[in-house]
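What follows is the content of structure.txt, which has compact mmCIF, C-alpha atoms and all ligand atoms:
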```txt
# COMPACT_ATOMS: atom_id res chain seq x y z
CA MET A 84 -3.11 -42.57 -22.59
CA ARG A 85 -3.87 -38.84 -22.12
CA ARG A 86 -2.00 -37.28 -19.19
CA ARG A 87 -4.03 -35.26 -16.70
CA ARG A 88 -3.14 -31.57 -16.62
CA PRO A 89 -1.67 -30.57 -13.27
CA ALA A 90 -4.31 -28.96 -11.03
CA THR A 91 -2.49 -25.62 -11.10
CA TYR A 92 -3.24 -25.28 -14.84
CA SER A 93 -6.93 -26.13 -14.63
CA ALA A 94 -9.05 -23.13 -15.53
CA LEU A 95 -11.79 -24.25 -13.14
CA GLY A 96 -9.24 -24.63 -10.38
CA LEU A 97 -8.00 -21.08 -10.93
CA VAL A 98 -11.51 -19.67 -10.93
CA GLY A 99 -12.38 -21.69 -7.83
CA ARG A 100 -9.37 -20.42 -5.93
CA GLY A 101 -10.13 -16.86 -6.98
CA LEU A 102 -13.75 -17.06 -5.90
CA THR A 103 -13.00 -18.51 -2.47
CA HIS A 104 -9.88 -16.33 -1.96
CA ARG A 105 -8.06 -19.30 -0.42
CA ASP A 106 -4.47 -18.67 0.72
CA TRP A 107 -4.56 -14.97 -0.12
CA PRO A 108 -2.59 -13.03 2.50
CA ARG A 109 -4.54 -10.32 4.34
CA ALA A 110 -3.74 -6.86 2.99
CA TRP A 111 -4.36 -5.29 6.40
CA ARG A 112 -5.17 -6.74 9.81
CA SER A 113 -8.03 -6.43 12.31
CA HIS A 114 -7.26 -5.42 15.90
CA ASP A 115 -8.83 -4.87 19.28
CA LEU A 116 -9.20 -1.16 19.90
CA ARG A 117 -6.49 0.16 22.24
CA ASP A 118 -7.32 2.52 25.11
CA ALA A 119 -4.99 5.20 23.78
CA TYR A 120 -3.23 6.26 20.57
CA ASP A 121 -0.83 9.10 19.77
CA VAL A 122 -3.02 10.06 16.80
CA VAL A 123 -6.58 9.15 15.83
CA VAL A 124 -7.48 9.69 12.18
CA ILE A 125 -11.22 9.69 11.47
CA GLY A 126 -12.02 8.35 8.00
CA ALA A 127 -10.47 5.38 6.18
CA GLY A 128 -10.60 6.97 2.75
CA VAL A 129 -7.61 8.03 0.70
CA HIS A 130 -6.96 11.17 2.82
CA GLY A 131 -7.07 9.39 6.17
CA LEU A 132 -5.10 6.37 5.00
CA ALA A 133 -2.48 8.54 3.28
CA ALA A 134 -2.11 10.73 6.40
CA ALA A 135 -1.61 7.61 8.54
CA TYR A 136 0.80 6.09 6.03
CA TYR A 137 2.99 9.24 5.81
CA LEU A 138 2.91 9.69 9.61
CA ALA A 139 4.46 6.26 9.93
CA ALA A 140 6.65 6.28 6.81
CA ASN A 141 8.00 9.86 6.91
CA HIS A 142 7.92 10.66 10.64
CA GLY A 143 8.07 7.35 12.50
CA VAL A 144 4.70 8.04 14.24
CA ARG A 145 3.18 4.55 14.34
CA ASN A 146 0.84 4.47 17.32
CA VAL A 147 -1.95 5.64 15.02
CA ALA A 148 -5.55 4.45 14.64
CA VAL A 149 -7.64 5.08 11.53
CA LEU A 150 -11.33 4.78 12.45
CA ASP A 151 -14.16 4.50 9.95
CA LYS A 152 -17.87 4.15 10.63
CA GLY A 153 -18.21 1.97 7.52
CA TYR A 154 -15.78 0.10 5.32
CA LEU A 155 -12.42 1.23 3.98
CA GLY A 156 -12.82 3.42 0.87
CA GLY A 157 -16.62 3.33 1.12
CA GLY A 158 -17.13 7.10 1.01
CA GLY A 159 -15.94 9.58 -1.60
CA SER A 160 -12.74 7.56 -2.11
CA GLY A 161 -14.67 4.72 -3.72
CA ARG A 162 -17.31 6.86 -5.45
CA ASN A 163 -15.29 9.41 -7.40
CA THR A 164 -14.50 9.26 -11.12
CA ALA A 165 -10.77 8.86 -10.45
CA ILE A 166 -9.56 11.88 -12.44
CA ILE A 167 -6.12 13.25 -11.59
CA ARG A 168 -4.96 16.70 -12.75
CA SER A 169 -3.23 19.86 -11.56
CA ASN A 170 -4.47 22.43 -14.12
CA TYR A 171 -5.99 24.74 -11.50
CA LEU A 172 -6.55 28.48 -11.63
CA THR A 173 -4.76 29.88 -8.56
CA PRO A 174 -1.00 29.51 -8.00
CA GLU A 175 -1.77 27.98 -4.57
CA GLY A 176 -4.05 25.38 -6.16
CA VAL A 177 -1.68 24.55 -9.02
CA ARG A 178 1.31 24.03 -6.69
CA PHE A 179 -0.70 21.88 -4.32
CA TYR A 180 -2.27 19.58 -6.92
CA ASP A 181 0.99 19.38 -8.87
CA ARG A 182 2.67 17.89 -5.81
CA SER A 183 -0.14 15.32 -5.73
CA VAL A 184 0.39 14.42 -9.40
CA ARG A 185 4.08 13.92 -8.67
CA LEU A 186 3.29 11.66 -5.70
CA TYR A 187 0.83 9.69 -7.88
CA GLU A 188 3.58 9.26 -10.49
CA ARG A 189 5.67 7.27 -8.05
CA LEU A 190 2.93 5.83 -5.86
CA ALA A 191 2.97 2.31 -7.32
CA ALA A 192 6.70 2.05 -6.63
CA GLU A 193 6.39 3.65 -3.17
CA LEU A 194 3.59 1.29 -2.08
CA ASN A 195 4.73 -1.71 -4.15
CA PHE A 196 1.14 -1.94 -5.40
CA ASN A 197 -0.16 -1.31 -8.91
CA VAL A 198 -2.45 1.73 -8.70
CA MET A 199 -2.86 1.87 -12.50
CA PHE A 200 -2.06 5.57 -12.80
CA SER A 201 -2.45 6.43 -16.46
CA GLN A 202 -1.38 9.90 -17.63
CA ARG A 203 -3.55 9.83 -20.73
CA GLY A 204 -4.05 13.61 -20.93
CA HIS A 205 -6.96 15.81 -19.85
CA LEU A 206 -9.04 18.13 -22.03
CA THR A 207 -11.36 20.84 -20.68
CA LEU A 208 -13.56 22.06 -23.52
CA ALA A 209 -14.55 25.69 -24.06
CA HIS A 210 -17.90 26.31 -25.78
CA ASN A 211 -17.95 30.10 -25.45
CA ASP A 212 -15.61 33.10 -25.30
CA GLY A 213 -15.88 33.35 -21.50
CA SER A 214 -14.64 29.81 -20.93
CA LEU A 215 -11.91 30.21 -23.55
CA ARG A 216 -10.64 33.24 -21.65
CA THR A 217 -10.58 31.23 -18.39
CA MET A 218 -8.71 28.39 -20.17
CA ARG A 219 -6.05 30.89 -21.37
CA TRP A 220 -5.73 32.25 -17.85
CA ARG A 221 -5.34 28.76 -16.41
CA ALA A 222 -2.77 27.85 -19.07
CA GLU A 223 -0.70 30.91 -18.15
CA VAL A 224 -0.83 30.24 -14.38
CA ASN A 225 -0.04 26.56 -15.00
CA ARG A 226 2.97 27.41 -17.13
CA LEU A 227 4.28 29.91 -14.56
CA GLU A 228 4.11 27.12 -11.97
CA GLY A 229 5.89 24.66 -14.29
CA VAL A 230 2.75 22.61 -15.06
CA GLN A 231 2.21 21.50 -18.64
CA SER A 232 -1.03 23.02 -20.05
CA GLU A 233 -1.94 24.80 -23.29
CA VAL A 234 -5.00 26.02 -25.14
CA ILE A 235 -5.60 24.06 -28.35
CA GLY A 236 -8.10 24.49 -31.20
CA PRO A 237 -10.78 22.20 -32.68
CA ALA A 238 -8.45 20.52 -35.20
CA GLU A 239 -6.06 19.38 -32.48
CA ILE A 240 -9.01 18.32 -30.28
CA ALA A 241 -10.34 16.17 -33.16
CA ARG A 242 -6.91 14.55 -33.47
CA LEU A 243 -6.94 13.64 -29.75
CA VAL A 244 -10.61 12.58 -29.63
CA PRO A 245 -11.67 11.49 -33.12
CA PHE A 246 -15.20 10.56 -32.00
CA MET A 247 -16.07 14.02 -30.73
CA ASP A 248 -18.23 16.30 -32.83
CA VAL A 249 -16.09 19.44 -33.28
CA SER A 250 -18.07 20.84 -36.21
CA ALA A 251 -19.29 24.43 -36.00
CA ASP A 252 -22.98 23.64 -36.49
CA THR A 253 -23.61 21.87 -33.16
CA ARG A 254 -25.73 23.38 -30.42
CA TYR A 255 -22.65 23.95 -28.24
CA PRO A 256 -19.77 24.39 -30.71
CA ILE A 257 -16.31 23.60 -29.34
CA LEU A 258 -14.13 26.71 -29.68
CA GLY A 259 -11.02 25.26 -28.03
CA ALA A 260 -9.82 23.37 -24.99
CA LEU A 261 -7.30 23.47 -22.19
CA TYR A 262 -5.04 20.48 -22.86
CA HIS A 263 -3.16 19.12 -19.83
CA PRO A 264 -0.98 16.14 -20.83
CA PRO A 265 0.04 15.04 -17.27
CA GLY A 266 -3.63 14.61 -16.25
CA GLY A 267 -5.30 11.21 -16.39
CA THR A 268 -6.95 8.56 -14.27
CA VAL A 269 -6.00 6.14 -11.52
CA ARG A 270 -7.65 3.00 -10.12
CA HIS A 271 -9.17 4.57 -7.00
CA ASP A 272 -9.73 1.34 -5.02
CA ALA A 273 -6.13 0.33 -5.63
CA VAL A 274 -4.93 3.65 -4.19
CA ASN A 275 -7.03 3.11 -1.04
CA TRP A 276 -5.88 -0.49 -0.68
CA GLY A 277 -2.25 0.41 -1.39
CA TYR A 278 -2.14 3.06 1.34
CA ALA A 279 -4.03 0.77 3.76
CA ARG A 280 -1.59 -2.05 3.15
CA GLY A 281 1.42 0.26 3.46
CA ALA A 282 0.14 1.86 6.68
CA ASP A 283 -0.72 -1.53 8.19
CA ALA A 284 2.76 -2.88 7.43
CA LEU A 285 4.25 0.08 9.34
CA GLY A 286 2.13 -0.61 12.45
CA VAL A 287 -0.87 1.67 11.92
CA GLN A 288 -4.18 0.11 13.08
CA ILE A 289 -7.17 0.37 10.76
CA HIS A 290 -10.56 -0.08 12.45
CA GLN A 291 -13.56 -0.42 10.14
CA ASN A 292 -17.14 -0.27 11.49
CA THR A 293 -15.86 1.99 14.26
CA GLU A 294 -17.91 5.16 14.43
CA VAL A 295 -16.77 8.25 16.29
CA VAL A 296 -19.87 9.47 18.10
CA GLY A 297 -18.23 12.15 20.25
CA ILE A 298 -14.99 14.13 20.49
CA ASP A 299 -13.89 14.83 24.04
CA VAL A 300 -12.73 18.45 24.30
CA ARG A 301 -11.81 19.89 27.68
CA ASP A 302 -10.17 23.28 28.39
CA GLY A 303 -9.97 23.98 24.66
CA ARG A 304 -8.05 20.84 23.72
CA VAL A 305 -8.77 17.33 22.51
CA ARG A 306 -8.55 14.54 25.10
CA GLY A 307 -10.05 11.62 23.21
CA VAL A 308 -12.88 10.25 21.12
CA GLN A 309 -15.98 8.30 22.07
CA THR A 310 -16.68 5.48 19.61
CA ASN A 311 -19.34 2.79 19.26
CA ARG A 312 -16.62 0.41 20.56
CA GLY A 313 -15.62 2.45 23.59
CA TYR A 314 -13.56 5.47 24.64
CA VAL A 315 -10.09 6.11 23.19
CA SER A 316 -7.81 8.76 24.64
CA THR A 317 -5.60 10.75 22.29
CA PRO A 318 -4.11 14.25 22.13
CA THR A 319 -4.56 14.52 18.35
CA VAL A 320 -7.56 13.90 16.13
CA VAL A 321 -7.37 14.41 12.36
CA SER A 322 -10.73 14.51 10.61
CA CYS A 323 -10.53 13.22 7.02
CA THR A 324 -14.22 12.62 6.51
CA ALA A 325 -15.04 14.22 3.12
CA GLY A 326 -18.84 14.64 2.84
CA TRP A 327 -19.32 14.44 6.61
CA SER A 328 -16.61 16.91 7.62
CA SER A 329 -18.98 19.57 8.99
CA LEU A 330 -20.83 16.97 11.12
CA VAL A 331 -17.60 15.52 12.51
CA ALA A 332 -16.15 19.00 13.19
CA ALA A 333 -19.36 19.87 15.04
CA LEU A 334 -18.61 17.01 17.47
CA ALA A 335 -15.56 19.03 18.53
CA GLY A 336 -17.58 22.28 18.60
CA VAL A 337 -15.95 23.57 15.39
CA ARG A 338 -18.14 25.12 12.66
CA LEU A 339 -17.05 24.65 9.04
CA PRO A 340 -18.45 26.85 6.23
CA VAL A 341 -19.55 23.86 4.19
CA SER A 342 -22.72 22.82 2.41
CA THR A 343 -23.04 19.13 1.51
CA HIS A 344 -24.37 18.07 -1.91
CA PRO A 345 -24.56 14.70 -3.65
CA LEU A 346 -22.57 14.23 -6.85
CA GLN A 347 -23.78 11.53 -9.22
CA ALA A 348 -21.79 9.39 -11.61
CA ALA A 349 -22.45 6.45 -13.92
CA VAL A 350 -20.63 3.76 -15.88
CA THR A 351 -21.46 2.04 -19.20
CA GLU A 352 -20.94 -1.47 -20.45
CA PRO A 353 -17.34 -2.05 -21.64
CA VAL A 354 -16.44 -1.42 -25.27
CA LYS A 355 -13.23 -1.50 -27.28
CA MET A 356 -10.86 1.32 -26.33
CA PHE A 357 -11.63 4.47 -28.34
CA LEU A 358 -11.25 7.34 -25.88
CA GLU A 359 -7.68 7.99 -24.86
CA THR A 360 -7.98 11.31 -23.01
CA VAL A 361 -10.21 12.51 -20.18
CA VAL A 362 -12.81 14.95 -21.59
CA VAL A 363 -14.54 17.61 -19.48
CA SER A 364 -17.18 20.11 -20.51
CA GLY A 365 -18.08 22.67 -17.86
CA THR A 366 -20.84 24.14 -20.01
CA LEU A 367 -22.48 20.76 -20.61
CA HIS A 368 -21.85 19.68 -17.00
CA VAL A 369 -20.22 16.42 -17.94
CA TYR A 370 -16.84 14.63 -17.81
CA VAL A 371 -15.97 11.27 -19.28
CA SER A 372 -13.05 8.86 -19.40
CA GLN A 373 -12.65 5.25 -20.51
CA THR A 374 -11.32 2.72 -18.01
CA ASP A 375 -8.73 0.08 -18.86
CA ARG A 376 -11.64 -2.40 -18.84
CA GLY A 377 -13.35 -0.36 -21.59
CA GLU A 378 -16.24 1.14 -19.58
CA LEU A 379 -17.04 4.82 -19.98
CA VAL A 380 -17.20 6.60 -16.63
CA PHE A 381 -19.34 9.75 -16.55
CA GLY A 382 -19.87 12.39 -13.92
CA ALA A 383 -21.82 15.60 -13.68
CA SER A 384 -22.12 18.65 -11.44
CA THR A 385 -23.40 18.34 -7.89
CA ASP A 386 -27.14 18.02 -7.30
CA PRO A 387 -28.55 21.53 -6.80
CA TYR A 388 -29.88 20.91 -3.27
CA PRO A 389 -27.97 20.05 -0.08
CA SER A 390 -28.52 16.44 0.98
CA TYR A 391 -26.80 13.42 2.50
CA SER A 392 -28.50 11.00 0.11
CA THR A 393 -26.33 8.71 -2.01
CA ARG A 394 -29.18 7.47 -4.23
CA GLY A 395 -29.11 8.05 -7.96
CA SER A 396 -31.90 9.92 -9.76
CA LEU A 397 -33.56 9.63 -13.16
CA GLU A 398 -33.14 13.39 -13.78
CA PHE A 399 -29.38 12.88 -13.62
CA THR A 400 -29.43 9.99 -16.09
CA GLU A 401 -31.58 11.89 -18.58
CA GLU A 402 -29.53 15.07 -18.42
CA LEU A 403 -26.27 13.17 -18.59
CA ALA A 404 -27.35 11.24 -21.70
CA GLY A 405 -28.49 14.45 -23.42
CA HIS A 406 -25.24 16.24 -22.72
CA VAL A 407 -22.94 13.37 -23.57
CA LEU A 408 -24.66 12.84 -26.91
CA GLU A 409 -24.11 16.51 -27.81
CA LEU A 410 -20.40 15.72 -27.66
CA MET A 411 -20.26 12.13 -28.91
CA PRO A 412 -23.40 11.26 -30.88
CA SER A 413 -21.91 7.96 -32.01
CA ILE A 414 -22.15 6.36 -28.55
CA ALA A 415 -25.96 6.60 -28.43
CA LYS A 416 -26.40 2.83 -28.28
CA LEU A 417 -24.13 2.24 -25.27
CA ARG A 418 -25.99 0.98 -22.21
CA LEU A 419 -25.49 2.40 -18.71
CA LEU A 420 -24.71 -0.36 -16.20
CA ARG A 421 -24.68 1.47 -12.88
CA GLN A 422 -25.08 4.89 -11.33
CA TRP A 423 -24.26 6.08 -7.84
CA ALA A 424 -23.62 9.18 -5.77
CA GLY A 425 -21.02 10.48 -3.34
CA LEU A 426 -21.14 13.41 -0.94
CA CYS A 427 -19.31 16.67 -1.59
CA ASP A 428 -18.57 19.30 1.03
CA MET A 429 -18.66 22.54 -0.93
CA THR A 430 -16.81 25.56 0.50
CA PRO A 431 -17.55 29.16 -0.57
CA ASP A 432 -14.32 29.42 -2.63
CA PHE A 433 -14.07 25.83 -3.96
CA SER A 434 -10.79 25.25 -2.10
CA PRO A 435 -10.32 22.76 0.75
CA ILE A 436 -10.06 23.45 4.48
CA MET A 437 -6.82 22.06 5.89
CA GLY A 438 -4.97 22.49 9.14
CA ALA A 439 -5.49 23.58 12.72
CA THR A 440 -8.81 24.66 14.26
CA PRO A 441 -9.61 26.73 17.36
CA VAL A 442 -9.64 23.42 19.31
CA GLU A 443 -6.06 22.42 20.10
CA GLY A 444 -5.29 18.95 18.78
CA PHE A 445 -8.29 18.86 16.42
CA LEU A 446 -7.13 19.13 12.80
CA VAL A 447 -9.30 19.24 9.71
CA ASP A 448 -8.70 17.92 6.21
CA GLY A 449 -12.07 18.60 4.57
CA GLY A 450 -14.18 20.80 2.33
CA TRP A 451 -13.10 18.70 -0.63
CA GLY A 452 -16.04 19.49 -2.88
CA THR A 453 -15.69 17.53 -6.12
CA TYR A 454 -11.87 17.43 -6.22
CA GLY A 455 -10.81 15.41 -3.17
CA PHE A 456 -9.53 12.13 -4.54
CA LYS A 457 -6.83 13.68 -6.68
CA ALA A 458 -5.48 15.44 -3.57
CA GLY A 459 -5.21 12.32 -1.39
CA PRO A 460 -1.43 11.85 -1.53
CA VAL A 461 -0.43 15.50 -1.05
CA SER A 462 -3.02 16.02 1.69
CA GLY A 463 -1.81 12.94 3.53
CA GLU A 464 1.79 14.06 3.23
CA ALA A 465 1.04 17.61 4.40
CA MET A 466 -1.28 16.64 7.28
CA ALA A 467 1.29 14.10 8.50
CA GLU A 468 3.96 16.81 8.51
CA LEU A 469 1.65 19.17 10.41
CA VAL A 470 0.86 16.55 13.06
CA ALA A 471 4.48 15.46 13.46
CA SER A 472 6.12 18.89 13.46
CA GLY A 473 3.32 21.14 14.78
CA ARG A 474 4.02 23.51 11.87
CA THR A 475 1.70 24.11 8.91
CA PRO A 476 3.52 23.21 5.66
CA GLU A 477 3.79 26.10 3.19
CA LEU A 478 1.89 24.10 0.56
CA ILE A 479 -1.34 24.15 2.62
CA ALA A 480 -0.93 27.48 4.44
CA ALA A 481 -3.47 29.17 2.11
CA PHE A 482 -6.18 26.62 2.90
CA GLY A 483 -6.57 27.31 6.64
CA LEU A 484 -10.01 27.65 8.25
CA ASP A 485 -9.13 31.18 9.37
CA ARG A 486 -9.16 32.43 5.75
CA PHE A 487 -12.96 32.75 5.81
CA ALA A 488 -12.97 35.09 8.83
CA GLU A 489 -10.00 37.01 7.44
CA GLY A 490 -11.33 37.34 3.86
CA ARG A 491 -8.40 35.50 2.20
CA LEU A 492 -10.40 33.24 -0.11
CA VAL A 493 -8.64 31.07 -2.70
CA GLY A 494 -11.14 31.21 -5.59
CA GLU A 495 -10.96 27.97 -7.59
CA LYS A 496 -14.46 27.89 -9.07
CA GLY A 497 -13.06 28.59 -12.55
CA ALA A 498 -11.08 25.34 -12.37
CA ALA A 499 -13.85 23.09 -11.06
CA ALA A 500 -14.51 20.26 -13.52
CA VAL A 501 -18.05 21.45 -14.19
CA GLY A 502 -20.31 24.33 -13.12
CA HIS A 503 -22.11 23.89 -9.78
O1 LIG A 601 -12.09 18.29 -10.41
O2 LIG A 601 -11.26 16.98 -11.94
C1 LIG A 601 -12.15 17.30 -11.16
C2 LIG A 601 -13.34 16.46 -11.08
C3 LIG A 601 -13.59 15.36 -11.82
C4 LIG A 601 -14.78 14.89 -11.39
C5 LIG A 601 -15.26 15.69 -10.42
N1 LIG A 601 -14.35 16.65 -10.23
```

The structure given in the file should be rewritten as C-alpha cells.
Amino acid sequence: MRRRRPATYSALGLVGRGLTHRDWPRAWRSHDLRDAYDVVVIGAGVHGLAAAYYLAANHGVRNVAVLDKGYLGGGGSGRNTAIIRSNYLTPEGVRFYDRSVRLYERLAAELNFNVMFSQRGHLTLAHNDGSLRTMRWRAEVNRLEGVQSEVIGPAEIARLVPFMDVSADTRYPILGALYHPPGGTVRHDAVNWGYARGADALGVQIHQNTEVVGIDVRDGRVRGVQTNRGYVSTPTVVSCTAGWSSLVAALAGVRLPVSTHPLQAAVTEPVKMFLETVVVSGTLHVYVSQTDRGELVFGASTDPYPSYSTRGSLEFTEELAGHVLELMPSIAKLRLLRQWAGLCDMTPDFSPIMGATPVEGFLVDGGWGTYGFKAGPVSGEAMAELVASGRTPELIAAFGLDRFAEGRLVGEKGAAAVGH
C-alpha cells in the first residue's frame, strides 16, 4: 500500500498556505493614534522608517509615530530602480553616500532581514570627451575620499558586459566608463519592510492611511499635526516625503526650492542571468540592471515637465527602447512587462535638503531628486542624530536649506545617473 505523504510536504499545501498567508506573524502592528508623540515622522518610505528606526535603536527615542497618507513604501521607496552607489562628484556627496553604502553592507545583519544587497559593480559609460573628463574627475575625488572608482576603457568594459556593443562604429561609441565596484542593487521593498519591522519591534508606531493635512505652528515653533484621523501634539516633525516635500513643507509655512518631476521606469520579462553589473549611460538617458529573478530593470531621466502624475507614457517606452538597443542590440526581442513612475523633487544643485528650517521643530529630509533610495540608511541615521542631539551631524551640514540663500550650492549634476 502506498503511504500518504505528510501534509507538510504536499506542494499544493505549501502553495495554499502561501496564498492565504496563514500563521505568518505580522511584521509590524496597527495601533490607535495617540494624542501626543515625542516625534512625528511624515512618510513611511525608507527615509522616514530609517529615521524612526535609528531614533529608537541609537538614541532610545521610542515614542515616535511614522504617518503615511498611503501604504508603507508606496512612494519613491517602492518605485525606484534600487541602485546603490557612492561615486559622486563632490567630496560632500561622496562621503555622505559612502556612509550609506557601508550601512547597506551590514543592513541585513542589523535588521535580521535579507535585503538582498548585491555589490555587483556599477559602470557609468562615457560617449564623448566631455563625459570622459567628468568620469576622471569623479574617479579622483572618489579615490581621495577612499571610495573605489576608476576609469576603464572599452576592452575592460566588454569583459564586464560581454553583450554590450563597444565597437567604434556605433552611433554613440563608448570611449570609456567610470567603474565603481562597490556599487550594485538592493531589494528595495525588503529594505522598507526590514526598517519597518525593526522600528516596530523597538516601539515605534507606524500609521498607514494617515494623512497629515496641517502642521500646527505657533510663535515660530511646531506644536502638532492635524491628520485625517485627528489632532496629534508633538514638538518635533520630520518630513521625509520625497516627491511631496515642497507641499508638506508649505503646510508649515516653509518654502523649498524644489520642482517636482515624474521619473519613469520599466521592467522586462525574466531571462537567464547575463548582465552582472549595473550599466548607466548619461548621454543615452538610460540605466539598466538585472534582478536576481532575471528581469531587466530600466530607468531614464525625469520627464521634462513638472507634474505629480505617476502614469507611464508611450514616449518614454519608445525612447527607452531606442536607447537601450543602441547599447545592447541583442536584447531586441525581450518584452516589457510593466512601466511606472515615481516623483522626484529636483533642487537647483542636485543635492538634497536636510536639517533644520526657520520653523523650530520642523525638520526636512527632502529634495531627493533621482537619488533618494540609496541615501535612506545614512539619512535616517543623520536625521535621528539631529533630532536626538539638537546638533546637525557634520555629514549633512553642507545640505542645509540655508545654502540656497547663502550661495553655498553643492553641485552634483555631473554625478546624476542621467542628464535631466
Ligand atoms: O543616481 O544612481 C542614481 C540613479 C539611478 C536611477 C536613478 N538615479

Open item on the list: At a cut-off of 6 Å, using all atoms listed in the file, what residues contact Ile167 in chain A? Leave out same-chain residues fewer than 5 positions from it and give the result as an MDAnalysis selection string.
Closed with: chainID A and resid 266:268 457

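Residue nearest Pro340 in chain A, chosen from A:Val442, A:Ala273, A:Leu484, A:Met411 and counting only C-alpha atoms: A:Leu484.
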
Near-Glu398 in chain A list (12 Å; only C-alpha atoms; drop same-chain fewer than 2 positions) as a PDB file with C-alpha atoms, keeping the file's coordinate frame:
```pdb
ATOM      1  CA  GLN A 347     -23.780  11.530  -9.220  1.00  0.00           C
ATOM      2  CA  ALA A 383     -21.820  15.600 -13.680  1.00  0.00           C
ATOM      3  CA  ASP A 386     -27.140  18.020  -7.300  1.00  0.00           C
ATOM      4  CA  PRO A 387     -28.550  21.530  -6.800  1.00  0.00           C
ATOM      5  CA  ARG A 394     -29.180   7.470  -4.230  1.00  0.00           C
ATOM      6  CA  GLY A 395     -29.110   8.050  -7.960  1.00  0.00           C
ATOM      7  CA  SER A 396     -31.900   9.920  -9.760  1.00  0.00           C
ATOM      8  CA  THR A 400     -29.430   9.990 -16.090  1.00  0.00           C
ATOM      9  CA  GLU A 401     -31.580  11.890 -18.580  1.00  0.00           C
ATOM     10  CA  GLU A 402     -29.530  15.070 -18.420  1.00  0.00           C
ATOM     11  CA  LEU A 403     -26.270  13.170 -18.590  1.00  0.00           C
ATOM     12  CA  ALA A 404     -27.350  11.240 -21.700  1.00  0.00           C
ATOM     13  CA  GLY A 405     -28.490  14.450 -23.420  1.00  0.00           C
ATOM     14  CA  GLN A 422     -25.080   4.890 -11.330  1.00  0.00           C
TER      15      GLN A 422
END
```

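Atom pair CA of Ala325 in chain A / CA of Val230 in chain A has a distance of 26.8 Å (rounded to one decimal).
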
Would you mind listing, for every residue of chain A within 7 Å of ligand LIG 601 (chain A), the two atoms forming the shortest contact and the distance between them in Å to one decimal, using all atoms listed in the file, sorted by chain and ascending residue number, as JSON lines?
```
{"residue": "A:Asn163", "atom": "CA", "partner": "A:LIG601", "partner_atom": "C4", "distance": 6.8}
{"residue": "A:Thr164", "atom": "CA", "partner": "A:LIG601", "partner_atom": "C4", "distance": 5.6}
{"residue": "A:Ile166", "atom": "CA", "partner": "A:LIG601", "partner_atom": "C3", "distance": 5.4}
{"residue": "A:Ile167", "atom": "CA", "partner": "A:LIG601", "partner_atom": "O2", "distance": 6.4}
{"residue": "A:Arg168", "atom": "CA", "partner": "A:LIG601", "partner_atom": "O2", "distance": 6.4}
{"residue": "A:Tyr370", "atom": "CA", "partner": "A:LIG601", "partner_atom": "C4", "distance": 6.7}
{"residue": "A:Gly382", "atom": "CA", "partner": "A:LIG601", "partner_atom": "C4", "distance": 6.2}
{"residue": "A:Thr453", "atom": "CA", "partner": "A:LIG601", "partner_atom": "N1", "distance": 4.4}
{"residue": "A:Tyr454", "atom": "CA", "partner": "A:LIG601", "partner_atom": "O1", "distance": 4.3}
{"residue": "A:Ala499", "atom": "CA", "partner": "A:LIG601", "partner_atom": "O1", "distance": 5.2}
{"residue": "A:Ala500", "atom": "CA", "partner": "A:LIG601", "partner_atom": "O1", "distance": 4.4}
```

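Nearest to Ala471 in chain A of all the residues A:Ala139, A:Cys427, A:Leu367, A:Val123 is A:Ala139, counting all atoms listed in the file.
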
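Each of A:Asn225, A:Gln202, A:Gln291, A:Ser160 was checked against Arg112 in chain A using all atoms listed in the file; the smallest atom-to-atom distance is that of A:Gln291.
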
Centre and edge lengths of an axis-aligned box around all listed atoms of range 467-473 of chain A, with 6 Å added on each side, are to be given in Å to one decimal, as AutoDock Vina command-line options.
```
--center_x 3.5 --center_y 17.6 --center_z 11.6 --size_x 17.3 --size_y 19.0 --size_z 18.3
```

Task: Protein/DNA/RNA residues near (1.8, 16.8, 11.4), cut 10 Å, only C-alpha atoms, as a list in words - done: Val122, Ala134, Tyr137, Leu138, His142, Val144, Thr319, Val321, Gly438, Leu446, Gly463, Glu464, Ala465, Met466, Ala467, Glu468, Leu469, Val470, Ala471, Ser472, Gly473, Arg474, Thr475 and Pro476 of chain A
